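Colleague: Handing over upload14.cif, mmCIF, C-alpha atoms, pLDDT in the B column; chains and numbers go by the auth columns.
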data_coords
loop_
_atom_site.group_PDB
_atom_site.id
_atom_site.type_symbol
_atom_site.label_atom_id
_atom_site.label_comp_id
_atom_site.label_asym_id
_atom_site.label_seq_id
_atom_site.Cartn_x
_atom_site.Cartn_y
_atom_site.Cartn_z
_atom_site.B_iso_or_equiv
_atom_site.auth_seq_id
_atom_site.auth_asym_id
ATOM 1 C CA MET A 1 100.495 102.812 107.591 62.00 1 I
ATOM 2 C CA ILE A 2 100.802 103.438 103.846 60.00 2 I
ATOM 3 C CA PRO A 3 101.648 100.324 101.804 60.00 3 I
ATOM 4 C CA GLN A 4 104.997 100.495 100.034 63.00 4 I
ATOM 5 C CA PRO A 5 105.158 100.033 96.252 63.00 5 I
ATOM 6 C CA ARG A 6 106.174 96.561 95.168 75.00 6 I
ATOM 7 C CA PRO A 7 107.222 96.915 91.517 77.00 7 I
ATOM 8 C CA GLU A 8 108.288 93.283 91.043 81.00 8 I
ATOM 9 C CA VAL A 9 104.938 92.041 92.340 84.00 9 I
ATOM 10 C CA ASP A 10 103.114 94.541 90.107 85.00 10 I
ATOM 11 C CA ARG A 11 105.141 93.484 87.058 86.00 11 I
ATOM 12 C CA THR A 12 104.324 89.840 87.677 90.00 12 I
ATOM 13 C CA ARG A 13 100.619 90.603 88.085 92.00 13 I
ATOM 14 C CA ILE A 14 100.645 92.757 84.931 91.00 14 I
ATOM 15 C CA ARG A 15 102.349 90.055 82.861 93.00 15 I
ATOM 16 C CA GLU A 16 99.911 87.419 84.092 95.00 16 I
ATOM 17 C CA ALA A 17 96.994 89.732 83.299 96.00 17 I
ATOM 18 C CA MET A 18 98.356 90.367 79.782 95.00 18 I
ATOM 19 C CA ASP A 19 98.590 86.628 79.204 96.00 19 I
ATOM 20 C CA ARG A 20 94.965 86.122 80.312 97.00 20 I
ATOM 21 C CA ILE A 21 93.654 88.991 78.180 96.00 21 I
ATOM 22 C CA LEU A 22 95.568 87.900 75.081 96.00 22 I
ATOM 23 C CA ALA A 23 94.396 84.323 75.554 97.00 23 I
ATOM 24 C CA GLY A 24 90.782 85.533 75.794 96.00 24 I
ATOM 25 C CA LYS A 25 90.495 84.327 79.389 97.00 25 I
ATOM 26 C CA ALA A 26 90.079 87.557 81.347 96.00 26 I
ATOM 27 C CA THR A 27 88.675 86.928 84.813 96.00 27 I
ATOM 28 C CA VAL A 28 88.090 90.424 86.205 94.00 28 I
ATOM 29 C CA SER A 29 87.968 92.857 83.275 95.00 29 I
ATOM 30 C CA ASP A 30 85.969 92.859 80.067 96.00 30 I
ATOM 31 C CA GLY A 31 89.056 91.572 78.229 95.00 31 I
ATOM 32 C CA SER A 32 89.451 94.615 75.987 95.00 32 I
ATOM 33 C CA LEU A 33 92.940 95.633 74.925 94.00 33 I
ATOM 34 C CA THR A 34 93.026 98.838 76.952 93.00 34 I
ATOM 35 C CA ILE A 35 95.083 100.210 79.815 92.00 35 I
ATOM 36 C CA LYS A 36 91.938 100.331 81.941 93.00 36 I
ATOM 37 C CA ALA A 37 91.156 96.651 81.356 95.00 37 I
ATOM 38 C CA LEU A 38 94.766 95.594 81.919 94.00 38 I
ATOM 39 C CA ALA A 39 94.956 97.501 85.196 93.00 39 I
ATOM 40 C CA ALA A 40 91.665 95.998 86.371 95.00 40 I
ATOM 41 C CA GLU A 41 92.734 92.496 85.359 95.00 41 I
ATOM 42 C CA ALA A 42 96.089 92.876 87.142 94.00 42 I
ATOM 43 C CA GLY A 43 94.540 94.495 90.225 93.00 43 I
ATOM 44 C CA VAL A 44 96.842 97.524 90.012 89.00 44 I
ATOM 45 C CA HIS A 45 96.257 101.236 89.583 85.00 45 I
ATOM 46 C CA ARG A 46 96.544 102.454 86.001 86.00 46 I
ATOM 47 C CA MET A 47 99.514 104.622 87.014 83.00 47 I
ATOM 48 C CA ALA A 48 101.449 101.438 87.832 82.00 48 I
ATOM 49 C CA LEU A 49 101.418 100.640 84.127 83.00 49 I
ATOM 50 C CA THR A 50 102.771 104.057 83.176 77.00 50 I
ATOM 51 C CA ALA A 51 105.319 104.181 85.993 60.00 51 I
ATOM 52 C CA CYS A 52 106.638 100.745 85.045 53.00 52 I
ATOM 53 C CA GLY A 53 107.414 101.935 81.517 54.00 53 I
ATOM 54 C CA LEU A 54 109.030 105.154 82.702 46.00 54 I
ATOM 55 C CA ARG A 55 111.316 103.318 85.140 54.00 55 I
ATOM 56 C CA ARG A 56 112.650 101.313 82.219 52.00 56 I
ATOM 57 C CA GLY A 57 113.626 104.463 80.373 48.00 57 I
ATOM 58 C CA ARG A 58 110.755 104.488 77.907 49.00 58 I
ATOM 59 C CA ARG A 59 109.056 107.706 76.961 48.00 59 I
ATOM 60 C CA PRO A 60 105.299 107.945 76.676 48.00 60 I
ATOM 61 C CA ALA A 61 103.998 107.985 73.121 50.00 61 I
ATOM 62 C CA GLY A 62 102.778 111.276 71.884 46.00 62 I
#
Turn the structure described in the file into structure tokens.
Modeller:
Amino acid sequence: MIPQPRPEVDRTRIREAMDRILAGKATVSDGSLTIKALAAEAGVHRMALTACGLRRGRRPAG
């Protein structure tokens, strides 16, 4: 069985990870201000960060 996406859970984990990184208290990643580190710290795939922004109507920079 394929796990279903849980965007609210992912958002919560991402916000908590951002708080830890910004406070200098990263527990899983190296604490750098990168998408890769944020995804690792939150325990989500990097695409979850991009998909979250797109669902809110934001366009990728570029």
Colleague: Give me the result of the PyMOL selection byres ((chain I and resi 41) around 9) on this file, residue by residue, as a count of residues only.
Modeller: 21
Colleague: Work out how far atom CA of His45 of chain I is from atom CA of Lys25 of chain I, in Å to one decimal.
Modeller: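 Atom CA of His45 of chain I lies at a distance of 20.6 Å from atom CA of Lys25 of chain I.
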Colleague: With distances taken over all atoms listed in the file, which residue among I:Arg6, I:Arg15, I:Ala23, I:Met47 lies nearest Ile35 of chain I?
Modeller: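 Comparing I:Arg6, I:Arg15, I:Ala23, I:Met47 against Ile35 of chain I, the winner is I:Met47.
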